[in-house]
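Dumped model-v1.cif below, it's mmCIF, C-alpha atoms and all ligand atoms:
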```
data_input
#
loop_
_atom_site.group_PDB
_atom_site.id
_atom_site.type_symbol
_atom_site.label_atom_id
_atom_site.label_comp_id
_atom_site.auth_asym_id
_atom_site.auth_seq_id
_atom_site.Cartn_x
_atom_site.Cartn_y
_atom_site.Cartn_z
ATOM 1 C CA MET A 1 0.000 0.000 0.000
ATOM 2 C CA ARG A 2 1.059 3.523 -0.631
ATOM 3 C CA THR A 3 2.247 5.408 2.401
ATOM 4 C CA LEU A 4 1.527 9.077 2.102
ATOM 5 C CA VAL A 5 2.649 11.785 4.430
ATOM 6 C CA PRO A 6 -0.196 13.847 5.808
ATOM 7 C CA LEU A 7 -1.183 16.729 3.583
ATOM 8 C CA ALA A 8 -0.078 18.887 6.493
ATOM 9 C CA ALA A 9 3.508 18.082 5.596
ATOM 10 C CA LEU A 10 3.153 19.580 2.137
ATOM 11 C CA PHE A 11 5.998 22.058 1.593
ATOM 12 C CA GLY A 12 6.647 21.824 5.344
ATOM 13 C CA VAL A 13 5.183 25.290 5.776
ATOM 14 C CA ILE A 14 2.615 24.348 8.394
ATOM 15 C CA ALA A 15 4.453 25.233 11.533
ATOM 16 C CA THR A 16 5.823 28.464 10.136
ATOM 17 C CA PRO A 17 3.605 31.426 9.290
ATOM 18 C CA LEU A 18 4.023 32.520 5.692
ATOM 19 C CA ALA A 19 5.312 35.878 6.870
ATOM 20 C CA ALA A 20 8.245 34.119 8.516
ATOM 21 C CA GLN A 21 9.171 32.183 5.399
ATOM 22 C CA PRO A 22 12.234 33.144 3.405
ATOM 23 C CA PRO A 23 11.476 35.025 0.175
ATOM 24 C CA GLY A 24 9.588 32.735 -2.117
ATOM 25 C CA GLY A 25 8.435 30.595 0.769
ATOM 26 C CA MET A 26 11.182 28.069 0.306
ATOM 27 C CA ALA A 27 14.293 27.243 2.250
ATOM 28 C CA PRO A 28 17.692 26.247 0.818
ATOM 29 C CA GLY A 29 17.560 24.412 -2.457
ATOM 30 C CA GLY A 30 13.881 25.203 -2.767
ATOM 31 C CA MET A 31 13.114 22.629 -0.113
ATOM 32 C CA ALA A 32 10.817 23.104 2.799
ATOM 33 C CA PRO A 33 12.350 24.291 6.061
ATOM 34 C CA GLY A 34 13.657 21.426 8.146
ATOM 35 C CA MET A 35 13.552 19.076 5.167
ATOM 36 C CA GLY A 36 17.057 17.871 5.914
ATOM 37 C CA ALA A 37 15.854 16.509 9.239
ATOM 38 C CA ARG A 38 13.234 14.261 7.644
ATOM 39 C CA ASN A 39 13.772 10.587 8.026
ATOM 40 C CA TRP A 40 13.410 9.441 4.444
ATOM 41 C CA ASP A 41 13.551 5.815 5.506
ATOM 42 C CA ASP A 42 9.936 6.296 6.610
ATOM 43 C CA PHE A 43 8.827 7.320 3.120
ATOM 44 C CA GLU A 44 7.713 4.428 0.972
ATOM 45 C CA ILE A 45 7.369 4.639 -2.787
ATOM 46 C CA ALA A 46 4.310 2.720 -3.942
ATOM 47 C CA SER A 47 4.173 0.669 -7.117
ATOM 48 C CA PRO A 48 3.655 2.830 -10.212
ATOM 49 C CA GLU A 49 0.061 3.399 -11.239
ATOM 50 C CA HIS A 50 -0.917 3.137 -14.903
ATOM 51 C CA VAL A 51 -2.467 6.415 -16.030
ATOM 52 C CA ALA A 52 -3.157 5.899 -19.766
ATOM 53 C CA GLY A 53 -1.302 4.728 -22.871
ATOM 54 C CA ASN A 54 2.442 4.601 -22.169
ATOM 55 C CA ILE A 55 2.262 6.639 -18.985
ATOM 56 C CA TYR A 56 2.626 5.656 -15.348
ATOM 57 C CA ARG A 57 2.556 7.801 -12.227
ATOM 58 C CA VAL A 58 4.770 7.369 -9.174
ATOM 59 C CA VAL A 59 3.974 9.274 -5.992
ATOM 60 C CA GLY A 60 6.756 10.014 -3.557
ATOM 61 C CA GLY A 61 8.128 12.254 -0.830
ATOM 62 C CA ILE A 62 5.823 15.144 -0.019
ATOM 63 C CA ILE A 63 3.116 13.734 -2.293
ATOM 64 C CA VAL A 64 4.950 14.725 -5.451
ATOM 65 C CA ASN A 65 3.621 13.233 -8.669
ATOM 66 C CA MET A 66 6.342 11.875 -10.918
ATOM 67 C CA ALA A 67 5.446 10.245 -14.221
ATOM 68 C CA PHE A 68 7.196 8.158 -16.814
ATOM 69 C CA SER A 69 6.666 6.830 -20.319
ATOM 70 C CA VAL A 70 7.545 3.208 -21.064
ATOM 71 C CA GLY A 71 7.981 1.480 -24.398
ATOM 72 C CA ASP A 72 10.482 0.077 -26.884
ATOM 73 C CA ASP A 73 12.522 3.288 -26.948
ATOM 74 C CA GLY A 74 13.057 3.235 -23.182
ATOM 75 C CA ILE A 75 11.856 5.535 -20.440
ATOM 76 C CA ILE A 76 11.227 9.268 -20.238
ATOM 77 C CA MET A 77 10.920 10.360 -16.614
ATOM 78 C CA VAL A 78 9.159 13.504 -15.404
ATOM 79 C CA ASP A 79 10.639 14.928 -12.183
ATOM 80 C CA SER A 80 13.172 13.313 -9.881
ATOM 81 C CA ASN A 81 11.889 14.056 -6.356
ATOM 82 C CA PHE A 82 14.354 14.130 -3.452
ATOM 83 C CA GLU A 83 17.774 12.593 -3.820
ATOM 84 C CA ASP A 84 17.260 10.444 -0.706
ATOM 85 C CA LEU A 85 14.315 8.739 -2.408
ATOM 86 C CA THR A 86 15.772 8.000 -5.828
ATOM 87 C CA GLU A 87 16.892 4.478 -5.004
ATOM 88 C CA LYS A 88 13.311 3.597 -4.040
ATOM 89 C CA ILE A 89 12.041 5.414 -7.132
ATOM 90 C CA PHE A 90 14.342 3.419 -9.402
ATOM 91 C CA THR A 91 13.125 0.213 -7.727
ATOM 92 C CA ALA A 92 9.505 1.232 -8.359
ATOM 93 C CA ILE A 93 10.181 2.044 -12.036
ATOM 94 C CA ARG A 94 11.839 -1.343 -12.468
ATOM 95 C CA GLU A 95 8.575 -3.025 -11.498
ATOM 96 C CA VAL A 96 7.234 -1.758 -14.835
ATOM 97 C CA SER A 97 10.224 -1.648 -17.173
ATOM 98 C CA THR A 98 13.884 -2.620 -17.257
ATOM 99 C CA GLN A 99 14.554 -0.352 -20.223
ATOM 100 C CA PRO A 100 17.093 2.474 -19.817
ATOM 101 C CA ILE A 101 15.876 5.775 -18.393
ATOM 102 C CA ARG A 102 17.014 7.871 -21.333
ATOM 103 C CA PHE A 103 15.576 11.276 -20.484
ATOM 104 C CA LEU A 104 14.502 13.134 -17.342
ATOM 105 C CA ILE A 105 12.403 16.274 -17.766
ATOM 106 C CA ASP A 106 12.255 18.663 -14.795
ATOM 107 C CA THR A 107 8.927 20.492 -14.502
ATOM 108 C CA HIS A 108 10.737 23.229 -12.513
ATOM 109 C CA SER A 109 13.653 23.779 -10.135
ATOM 110 C CA HIS A 110 12.146 23.138 -6.675
ATOM 111 C CA GLY A 111 13.954 20.534 -4.627
ATOM 112 C CA ASP A 112 10.962 18.230 -4.238
ATOM 113 C CA HIS A 113 10.908 17.901 -8.055
ATOM 114 C CA ALA A 114 14.565 18.217 -9.088
ATOM 115 C CA ASP A 115 16.789 17.342 -6.123
ATOM 116 C CA GLY A 116 17.108 13.740 -7.354
ATOM 117 C CA ASN A 117 18.597 14.901 -10.678
ATOM 118 C CA VAL A 118 21.998 13.918 -9.343
ATOM 119 C CA SER A 119 21.094 10.208 -9.256
ATOM 120 C CA PHE A 120 19.647 10.302 -12.760
ATOM 121 C CA GLY A 121 22.671 12.231 -14.037
ATOM 122 C CA MET A 122 25.026 9.684 -12.503
ATOM 123 C CA ALA A 123 23.009 6.892 -14.139
ATOM 124 C CA GLY A 124 23.624 8.495 -17.550
ATOM 125 C CA THR A 125 20.121 9.907 -18.058
ATOM 126 C CA ILE A 126 19.971 13.062 -20.188
ATOM 127 C CA ILE A 127 18.351 15.791 -18.095
ATOM 128 C CA VAL A 128 16.124 18.265 -19.948
ATOM 129 C CA ALA A 129 14.578 21.446 -18.522
ATOM 130 C CA HIS A 130 13.720 25.062 -19.172
ATOM 131 C CA ASP A 131 16.724 27.391 -19.566
ATOM 132 C CA THR A 132 16.088 29.029 -16.203
ATOM 133 C CA VAL A 133 15.974 25.711 -14.333
ATOM 134 C CA ARG A 134 19.639 25.134 -15.077
ATOM 135 C CA ILE A 135 20.407 28.635 -13.800
ATOM 136 C CA ARG A 136 18.253 28.205 -10.660
ATOM 137 C CA LEU A 137 19.833 24.846 -9.830
ATOM 138 C CA ALA A 138 23.338 26.194 -10.349
ATOM 139 C CA HIS A 139 22.614 29.462 -8.500
ATOM 140 C CA PRO A 140 19.632 28.908 -6.175
ATOM 141 C CA PRO A 141 18.095 31.888 -4.321
ATOM 142 C CA GLN A 142 19.100 30.145 -1.089
ATOM 143 C CA GLY A 143 21.229 27.158 -0.263
ATOM 144 C CA ALA A 144 23.889 25.206 -2.043
ATOM 145 C CA SER A 145 24.315 24.887 -5.795
ATOM 146 C CA ALA A 146 23.442 21.571 -7.391
ATOM 147 C CA PRO A 147 26.469 19.555 -8.518
ATOM 148 C CA ALA A 148 27.294 19.699 -12.232
ATOM 149 C CA ILE A 149 26.056 16.148 -12.821
ATOM 150 C CA ALA A 150 22.563 17.234 -11.640
ATOM 151 C CA LEU A 151 22.251 20.134 -14.086
ATOM 152 C CA PRO A 152 20.113 19.796 -17.220
ATOM 153 C CA ILE A 153 22.367 19.339 -20.242
ATOM 154 C CA VAL A 154 19.573 20.105 -22.700
ATOM 155 C CA THR A 155 17.646 23.317 -22.013
ATOM 156 C CA PHE A 156 15.053 25.229 -24.006
ATOM 157 C CA SER A 157 13.129 28.496 -23.792
ATOM 158 C CA ASP A 158 9.879 27.602 -25.488
ATOM 159 C CA ARG A 159 9.268 23.964 -26.409
ATOM 160 C CA VAL A 160 10.945 20.713 -27.351
ATOM 161 C CA THR A 161 9.386 17.586 -28.843
ATOM 162 C CA PHE A 162 10.498 14.005 -28.249
ATOM 163 C CA HIS A 163 9.501 11.357 -30.767
ATOM 164 C CA PHE A 164 9.490 8.479 -28.368
ATOM 165 C CA ASN A 165 7.658 5.241 -27.702
ATOM 166 C CA GLY A 166 5.428 5.780 -30.718
ATOM 167 C CA GLU A 167 4.119 9.208 -29.787
ATOM 168 C CA GLU A 168 5.035 12.885 -29.667
ATOM 169 C CA VAL A 169 5.967 14.117 -26.227
ATOM 170 C CA GLU A 170 5.991 17.902 -26.117
ATOM 171 C CA ALA A 171 7.573 19.757 -23.224
ATOM 172 C CA PHE A 172 6.621 23.428 -23.326
ATOM 173 C CA HIS A 173 6.848 26.647 -21.352
ATOM 174 C CA ILE A 174 4.142 29.292 -21.551
ATOM 175 C CA ALA A 175 5.038 31.928 -18.942
ATOM 176 C CA ALA A 176 6.584 32.414 -15.518
ATOM 177 C CA GLY A 177 3.876 31.192 -13.118
ATOM 178 C CA HIS A 178 4.721 28.979 -10.145
ATOM 179 C CA THR A 179 8.387 29.690 -11.030
ATOM 180 C CA ASP A 180 10.026 31.137 -14.128
ATOM 181 C CA GLY A 181 11.003 27.673 -15.358
ATOM 182 C CA ASP A 182 7.597 25.969 -15.387
ATOM 183 C CA VAL A 183 7.326 23.271 -18.042
ATOM 184 C CA LEU A 184 4.266 21.185 -18.931
ATOM 185 C CA ILE A 185 4.762 17.794 -20.569
ATOM 186 C CA HIS A 186 2.122 16.615 -23.024
ATOM 187 C CA PHE A 187 2.173 12.940 -24.025
ATOM 188 C CA LYS A 188 -0.015 13.425 -27.044
ATOM 189 C CA GLY A 189 -0.705 9.843 -28.089
ATOM 190 C CA SER A 190 -1.354 8.681 -24.548
ATOM 191 C CA ASP A 191 -3.538 11.777 -23.953
ATOM 192 C CA VAL A 192 -1.810 12.643 -20.684
ATOM 193 C CA ILE A 193 -0.380 15.978 -19.551
ATOM 194 C CA HIS A 194 1.874 16.566 -16.551
ATOM 195 C CA MET A 195 1.383 20.074 -15.200
ATOM 196 C CA GLY A 196 4.161 20.342 -12.614
ATOM 197 C CA ASP A 197 3.208 22.747 -9.843
ATOM 198 C CA ALA A 198 1.294 25.008 -12.232
ATOM 199 C CA PHE A 199 -1.649 22.851 -11.157
ATOM 200 C CA VAL A 200 -2.023 21.424 -7.660
ATOM 201 C CA SER A 201 -4.879 20.307 -5.445
ATOM 202 C CA HIS A 202 -4.675 23.410 -3.201
ATOM 203 C CA TYR A 203 -4.004 27.130 -3.705
ATOM 204 C CA PRO A 204 -1.014 27.529 -6.009
ATOM 205 C CA LEU A 205 2.288 28.713 -4.614
ATOM 206 C CA ILE A 206 3.797 31.627 -6.516
ATOM 207 C CA ASP A 207 7.531 31.550 -5.811
ATOM 208 C CA THR A 208 8.523 35.166 -6.472
ATOM 209 C CA GLY A 209 12.082 34.328 -5.391
ATOM 210 C CA ARG A 210 12.256 32.167 -8.502
ATOM 211 C CA GLY A 211 10.488 34.609 -10.795
ATOM 212 C CA GLY A 212 6.948 33.314 -10.268
ATOM 213 C CA ASN A 213 3.937 35.464 -11.203
ATOM 214 C CA LEU A 214 0.214 34.838 -10.784
ATOM 215 C CA LEU A 215 -0.682 36.333 -14.167
ATOM 216 C CA GLY A 216 1.799 34.017 -15.851
ATOM 217 C CA LEU A 217 0.215 31.110 -14.027
ATOM 218 C CA ILE A 218 -3.210 32.081 -15.396
ATOM 219 C CA GLU A 219 -1.722 32.300 -18.891
ATOM 220 C CA THR A 220 -0.210 28.837 -18.449
ATOM 221 C CA LEU A 221 -3.507 27.374 -17.227
ATOM 222 C CA ASP A 222 -5.405 28.927 -20.133
ATOM 223 C CA ALA A 223 -2.951 27.393 -22.586
ATOM 224 C CA ALA A 224 -3.261 23.989 -20.951
ATOM 225 C CA ILE A 225 -7.074 24.123 -21.016
ATOM 226 C CA THR A 226 -7.114 24.804 -24.756
ATOM 227 C CA ARG A 227 -4.826 21.820 -25.316
ATOM 228 C CA VAL A 228 -6.601 19.093 -23.338
ATOM 229 C CA GLY A 229 -9.776 17.211 -24.177
ATOM 230 C CA PRO A 230 -12.568 15.700 -22.071
ATOM 231 C CA ASP A 231 -10.694 12.388 -21.740
ATOM 232 C CA THR A 232 -7.201 13.771 -21.099
ATOM 233 C CA LYS A 233 -5.629 12.594 -17.862
ATOM 234 C CA ILE A 234 -4.094 15.584 -16.102
ATOM 235 C CA ILE A 235 -1.317 14.941 -13.601
ATOM 236 C CA PRO A 236 -0.866 17.814 -11.137
ATOM 237 C CA GLY A 237 2.437 18.476 -9.370
ATOM 238 C CA HIS A 238 0.746 17.433 -6.133
ATOM 239 C CA GLY A 239 -2.669 15.811 -5.773
ATOM 240 C CA PRO A 240 -4.906 13.263 -7.459
ATOM 241 C CA ILE A 241 -5.065 12.748 -11.214
ATOM 242 C CA ALA A 242 -7.569 15.208 -12.617
ATOM 243 C CA ASP A 243 -9.502 16.049 -15.758
ATOM 244 C CA ARG A 244 -10.278 19.125 -17.837
ATOM 245 C CA ASP A 245 -13.181 20.198 -15.602
ATOM 246 C CA ASP A 246 -10.905 20.088 -12.546
ATOM 247 C CA LEU A 247 -8.328 22.188 -14.361
ATOM 248 C CA ILE A 248 -10.975 24.735 -15.375
ATOM 249 C CA GLU A 249 -12.252 24.898 -11.780
ATOM 250 C CA PHE A 250 -8.696 25.575 -10.588
ATOM 251 C CA ARG A 251 -8.118 28.263 -13.234
ATOM 252 C CA ASP A 252 -11.450 29.924 -12.383
ATOM 253 C CA MET A 253 -10.506 29.978 -8.687
ATOM 254 C CA VAL A 254 -7.150 31.625 -9.437
ATOM 255 C CA VAL A 255 -8.766 34.157 -11.785
ATOM 256 C CA GLY A 256 -11.554 34.813 -9.262
ATOM 257 C CA ILE A 257 -9.130 35.601 -6.462
ATOM 258 C CA HIS A 258 -6.974 37.730 -8.733
ATOM 259 C CA ASP A 259 -9.993 39.767 -9.852
ATOM 260 C CA ARG A 260 -11.259 40.325 -6.306
ATOM 261 C CA VAL A 261 -7.843 41.393 -5.029
ATOM 262 C CA SER A 262 -7.307 43.563 -8.095
ATOM 263 C CA ALA A 263 -10.593 45.367 -7.446
ATOM 264 C CA LEU A 264 -9.538 46.045 -3.859
ATOM 265 C CA VAL A 265 -6.180 47.387 -5.094
ATOM 266 C CA VAL A 266 -8.027 49.739 -7.454
ATOM 267 C CA GLU A 267 -10.082 50.933 -4.463
ATOM 268 C CA GLY A 268 -6.799 51.898 -2.824
ATOM 269 C CA ARG A 269 -6.685 49.206 -0.142
ATOM 270 C CA THR A 270 -3.350 48.220 1.344
ATOM 271 C CA LEU A 271 -2.148 44.626 1.357
ATOM 272 C CA GLU A 272 -2.936 44.387 5.070
ATOM 273 C CA GLN A 273 -6.479 45.662 4.491
ATOM 274 C CA ILE A 274 -6.966 43.226 1.630
ATOM 275 C CA ILE A 275 -5.787 40.269 3.719
ATOM 276 C CA ALA A 276 -8.132 41.391 6.500
ATOM 277 C CA ALA A 277 -11.044 41.563 4.022
ATOM 278 C CA ARG A 278 -10.612 37.795 3.428
ATOM 279 C CA PRO A 279 -11.273 37.859 -0.321
ATOM 280 C CA THR A 280 -10.764 34.092 -0.543
ATOM 281 C CA ALA A 281 -13.256 33.178 2.204
ATOM 282 C CA ASP A 282 -15.668 31.169 0.057
ATOM 283 C CA TYR A 283 -12.803 29.340 -1.674
ATOM 284 C CA ASP A 284 -10.893 28.424 1.478
ATOM 285 C CA GLN A 285 -12.709 25.251 2.443
ATOM 286 C CA ARG A 286 -11.995 23.707 -0.940
ATOM 287 C CA TRP A 287 -8.547 25.107 -1.660
ATOM 288 C CA ALA A 288 -6.750 26.534 1.385
ATOM 289 C CA GLY A 289 -5.129 23.292 2.478
ATOM 290 C CA PRO A 290 -2.504 23.391 5.193
ATOM 291 C CA GLN A 291 -0.723 26.484 3.907
ATOM 292 C CA GLY A 292 -3.754 28.763 4.236
ATOM 293 C CA SER A 293 -4.815 31.592 1.972
ATOM 294 C CA GLU A 294 -2.421 34.442 2.699
ATOM 295 C CA GLY A 295 0.084 33.301 0.069
ATOM 296 C CA ILE A 296 -2.410 33.413 -2.793
ATOM 297 C CA VAL A 297 -3.699 36.822 -1.644
ATOM 298 C CA ARG A 298 -0.150 38.185 -1.567
ATOM 299 C CA ALA A 299 0.516 36.708 -5.006
ATOM 300 C CA ALA A 300 -2.651 38.299 -6.392
ATOM 301 C CA TYR A 301 -1.699 41.609 -4.780
ATOM 302 C CA ASN A 302 1.793 41.474 -6.305
ATOM 303 C CA ALA A 303 0.340 40.643 -9.724
ATOM 304 C CA SER A 304 -2.162 43.525 -9.410
ATOM 305 C CA THR A 305 0.370 46.154 -8.364
ATOM 306 C CA LYS A 306 3.407 45.291 -10.494
ATOM 307 C CA ARG A 307 1.810 44.904 -13.838
HETATM 308 ZN ZN ZN A 401 7.213 23.647 -6.835
#
```
Mind converting the file's structure to structure tokens?
Ligand SMILES: [Zn+2]
Amino acid sequence: MRTLVPLAALFGVIATPLAAQPPGGMAPGGMAPGMGARNWDDFEIASPEHVAGNIYRVVGGIIVNMAFSVGDDGIIMVDSNFEDLTEKIFTAIREVSTQPIRFLIDTHSHGDHADGNVSFGMAGTIIVAHDTVRIRLAHPPQGASAPAIALPIVTFSDRVTFHFNGEEVEAFHIAAGHTDGDVLIHFKGSDVIHMGDAFVSHYPLIDTGRGGNLLGLIETLDAAITRVGPDTKIIPGHGPIADRDDLIEFRDMVVGIHDRVSALVVEGRTLEQIIAARPTADYDQRWAGPQGSEGIVRAAYNASTKR
């Protein structure tokens, strides 16, 4: 059985008010505060779950969704999770395929998605990511630089297509949203898209320390919605596999909060007044999760004042 950490452990931000977080809400390496003290031996990696077509999902660490494509050409992996978990992740992948892991695509630079790059790099996997992910890993806002072996050796600004396992796999960047290196991976034949942390099962985190912007996130979500169909399986960065309606609901929530906060900014309210007005109140039960609503309000305020 899959062992999941409580949702309360997500990003590790529970015990620390957002105001006390370092810029961007992340500690060294983009990991949650205190992450180094976690006992990773307690974290199990469940058997991969078939999503559709060539694609499997693996859940690990702080409920991060990794995915991989299997077939005659080998394996394309999406996200590497934490370095301390990669041995278990490799074991899980090997339950499905013994083919070489030829490519790893990072959805962005946060440690819970890219810290394990080092293991994949050492195994000879070609790491692919947005241009800025290489820069963020080499020169993180806080914490130590990733070793050279962990850095993407293929980077792109816009999109790249793999012709792999009988289908087109398009990795593409729309705009700086969750971070400035957000990449979505569309397995076109399998009809599966991995959204990274541009889509999660709670309020999105906008990591301004890594160039994130709420308006860019909305742009990214709009682009994804136009691309997917009613049967597309949508893998969020964190949370259950979703469909187009779920993605639209998420986009509408983000747009709704942005519009409310924007209107309050136009009225001349300060950030403190806007937070006190609780513009997210009717969304909170569904979306606040353990990290609360202040982060999304701040992100909407930033997007409304720095346009
Ligand atoms: Zn992230």
Problem - the PyMOL selection byres (((chain A and resi 158) around 6) and not hetatm) applied to the shown file, residues as number ranges by chain - result: A: 156-157, 159, 172-173
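If you look at atom CA of A:Ala171 and atom CA of A:Val78, they are 10.1 Å away from each other.
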Exercise for the section: Taking the file above as input, evaluate the PyMOL selection byres (((chain A and resi 164) around 10) and not hetatm) and report the hits as a PyMOL selection string. Expected result: chain A and resi 69-76+161-163+165-169+187
If you keep C-alpha atoms, can you produce a file of those selected residues as an mmCIF file, keeping the file's coordinate frame?
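File written: result.cif
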```cif
data_model
loop_
_atom_site.group_PDB
_atom_site.id
_atom_site.type_symbol
_atom_site.label_atom_id
_atom_site.label_comp_id
_atom_site.auth_asym_id
_atom_site.auth_seq_id
_atom_site.Cartn_x
_atom_site.Cartn_y
_atom_site.Cartn_z
ATOM 1 C CA SER A 69 6.666 6.830 -20.319
ATOM 2 C CA VAL A 70 7.545 3.208 -21.064
ATOM 3 C CA GLY A 71 7.981 1.480 -24.398
ATOM 4 C CA ASP A 72 10.482 0.077 -26.884
ATOM 5 C CA ASP A 73 12.522 3.288 -26.948
ATOM 6 C CA GLY A 74 13.057 3.235 -23.182
ATOM 7 C CA ILE A 75 11.856 5.535 -20.440
ATOM 8 C CA ILE A 76 11.227 9.268 -20.238
ATOM 9 C CA THR A 161 9.386 17.586 -28.843
ATOM 10 C CA PHE A 162 10.498 14.005 -28.249
ATOM 11 C CA HIS A 163 9.501 11.357 -30.767
ATOM 12 C CA ASN A 165 7.658 5.241 -27.702
ATOM 13 C CA GLY A 166 5.428 5.780 -30.718
ATOM 14 C CA GLU A 167 4.119 9.208 -29.787
ATOM 15 C CA GLU A 168 5.035 12.885 -29.667
ATOM 16 C CA VAL A 169 5.967 14.117 -26.227
ATOM 17 C CA PHE A 187 2.173 12.940 -24.025
#
```
Exercise for the section: Let me have all residues with an atom within 8 Å of ligand ZN 401 (chain A), counting all atoms listed in the file, laid out as a list in words. Expected result: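 Listing the residues within 8 Å of ligand ZN 401 (chain A) gives Gly30, His108, Ser109, His110, Gly111, Asp112, His113, His178, Thr179, Gly196, Asp197, Leu205, Asp207 and Gly237 of chain A.
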Give the padded box for stretch 178-191 of chain A as JSON: axis-aligned, covering all atoms listed in the file, 6 Å on each side, centre and edge lengths in Å to one decimal.
```
{"center_x": 3.7, "center_y": 19.9, "center_z": -19.1, "size_x": 26.5, "size_y": 34.5, "size_z": 29.9}
```
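Between A:His202 and the residues A:Phe120, A:Phe250, A:Phe43, A:Tyr56, the shortest atom-to-atom distance, using only C-alpha atoms, involves A:Phe250.
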Specify as a short mmCIF file (atom, residue, chain, number, x, y, z; two decimals) with C-alpha atoms, in the coordinates of the input each residue included when the PyMOL selection byres (((chain A and resi 190) around 8) and not hetatm) is applied to this file.
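Once everything was written out, this is part_34.cif:
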```
data_model
loop_
_atom_site.label_atom_id
_atom_site.label_comp_id
_atom_site.auth_asym_id
_atom_site.auth_seq_id
_atom_site.Cartn_x
_atom_site.Cartn_y
_atom_site.Cartn_z
CA ALA A 52 -3.16 5.90 -19.77
CA GLY A 53 -1.30 4.73 -22.87
CA ASN A 54 2.44 4.60 -22.17
CA ILE A 55 2.26 6.64 -18.98
CA GLU A 167 4.12 9.21 -29.79
CA PHE A 187 2.17 12.94 -24.02
CA LYS A 188 -0.02 13.42 -27.04
CA GLY A 189 -0.70 9.84 -28.09
CA ASP A 191 -3.54 11.78 -23.95
CA VAL A 192 -1.81 12.64 -20.68
#
```
Exercise for the section: Measuring atom to atom with all atoms listed in the file, identify which of A:Thr208, A:Ser201, A:Asn65, A:Asn213 is nearest to A:Ile235. Expected result: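 Among the listed residues, A:Asn65 lies closest to A:Ile235.
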Problem - Pairwise distance for atom CA of A:Val160 and atom CA of A:Pro140, rounded to one decimal in Å - result: 24.3 Å
Problem - Long-range neighbours of A:Pro279 as a ChimeraX atom specification, 7 Å cut-off, only C-alpha atoms, 6 positions minimum in chain - result: /A:257,260-261
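Computed from the coordinates, the atom CA of A:Asn39 to atom CA of A:Val59 distance equals 17.2 Å.
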Handout entry: Nearby residues, (20.6, 9.9, -7.7) file frame, 9 Å, only C-alpha atoms, as JSON, numbers by chain
Key = {"A": [80, 82, 83, 84, 85, 86, 87, 115, 116, 117, 118, 119, 120, 121, 122, 123, 150]}
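Nearest-residue note for A:Ser97: choosing from A:Gln273, A:Thr305, A:Ser47, A:Gln285, the minimum distance belongs to A:Ser47, counting all atoms listed in the file.
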Handout entry: Residue among A:Ala198, A:Arg102, A:Val228, A:Val133 lying closest to A:Ser145, counting only C-alpha atoms
Key =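 For A:Ser145, the nearest of the candidates is A:Val133.
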Practice task
Pick out the residues sitting within 9 Å of A:Thr220, and hand them over as a list in words; count all atoms listed in the file, and ignore anything fewer than 6 positions along from it in its own chain.
Solution key: His173, Ile174, Ala175, Ala176, Gly177, Asp182, Leu184 and Ala198 of chain A
Output file for the selection above: C-alpha atoms, as an mmCIF file, keeping the file's coordinate frame:
```
data_model
loop_
_atom_site.group_PDB
_atom_site.id
_atom_site.type_symbol
_atom_site.label_atom_id
_atom_site.label_comp_id
_atom_site.auth_asym_id
_atom_site.auth_seq_id
_atom_site.Cartn_x
_atom_site.Cartn_y
_atom_site.Cartn_z
ATOM 1 C CA HIS A 173 6.848 26.647 -21.352
ATOM 2 C CA ILE A 174 4.142 29.292 -21.551
ATOM 3 C CA ALA A 175 5.038 31.928 -18.942
ATOM 4 C CA ALA A 176 6.584 32.414 -15.518
ATOM 5 C CA GLY A 177 3.876 31.192 -13.118
ATOM 6 C CA ASP A 182 7.597 25.969 -15.387
ATOM 7 C CA LEU A 184 4.266 21.185 -18.931
ATOM 8 C CA ALA A 198 1.294 25.008 -12.232
#
```
Exercise for the section: Select, from A:Glu44, A:Asp131, A:Pro204, A:His238, the residue with the minimum atom-to-atom distance to A:Gln291, counting all atoms listed in the file. Expected result: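 The shortest atom-to-atom distance to A:Gln291 comes from A:Pro204.
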Handout entry: Contacts of A:Asp243 within 10 Å, all atoms listed in the file, excl. fewer than 4 positions in-chain, as a ChimeraX atom specification
Key = /A:192-193,225,228-236,247-248
Output for the residues just chosen: C-alpha atoms as a compact mmCIF listing (two decimals), in the coordinates of the input:
```txt
# COMPACT_ATOMS: atom_id res chain seq x y z
CA VAL A 192 -1.81 12.64 -20.68
CA ILE A 193 -0.38 15.98 -19.55
CA ILE A 225 -7.07 24.12 -21.02
CA VAL A 228 -6.60 19.09 -23.34
CA GLY A 229 -9.78 17.21 -24.18
CA PRO A 230 -12.57 15.70 -22.07
CA ASP A 231 -10.69 12.39 -21.74
CA THR A 232 -7.20 13.77 -21.10
CA LYS A 233 -5.63 12.59 -17.86
CA ILE A 234 -4.09 15.58 -16.10
CA ILE A 235 -1.32 14.94 -13.60
CA PRO A 236 -0.87 17.81 -11.14
CA LEU A 247 -8.33 22.19 -14.36
CA ILE A 248 -10.98 24.74 -15.38
```
Since the input is missing atoms for stretch 243-247 of chain A, could you rebuild it with N, CA and C atoms and give the result as a short mmCIF file (atom, residue, chain, number, x, y, z; two decimals), in the frame of the given file?
```cif
data_model
loop_
_atom_site.label_atom_id
_atom_site.label_comp_id
_atom_site.auth_asym_id
_atom_site.auth_seq_id
_atom_site.Cartn_x
_atom_site.Cartn_y
_atom_site.Cartn_z
N ASP A 243 -9.07 15.92 -14.37
CA ASP A 243 -9.50 16.05 -15.76
C ASP A 243 -9.69 17.53 -16.11
N ARG A 244 -10.17 17.75 -17.33
CA ARG A 244 -10.28 19.12 -17.84
C ARG A 244 -11.17 19.99 -16.94
N ASP A 245 -12.28 19.42 -16.46
CA ASP A 245 -13.18 20.20 -15.60
C ASP A 245 -12.48 20.63 -14.32
N ASP A 246 -11.65 19.73 -13.76
CA ASP A 246 -10.90 20.09 -12.55
C ASP A 246 -9.93 21.23 -12.83
N LEU A 247 -9.30 21.15 -14.00
CA LEU A 247 -8.33 22.19 -14.36
C LEU A 247 -9.03 23.53 -14.55
#
```
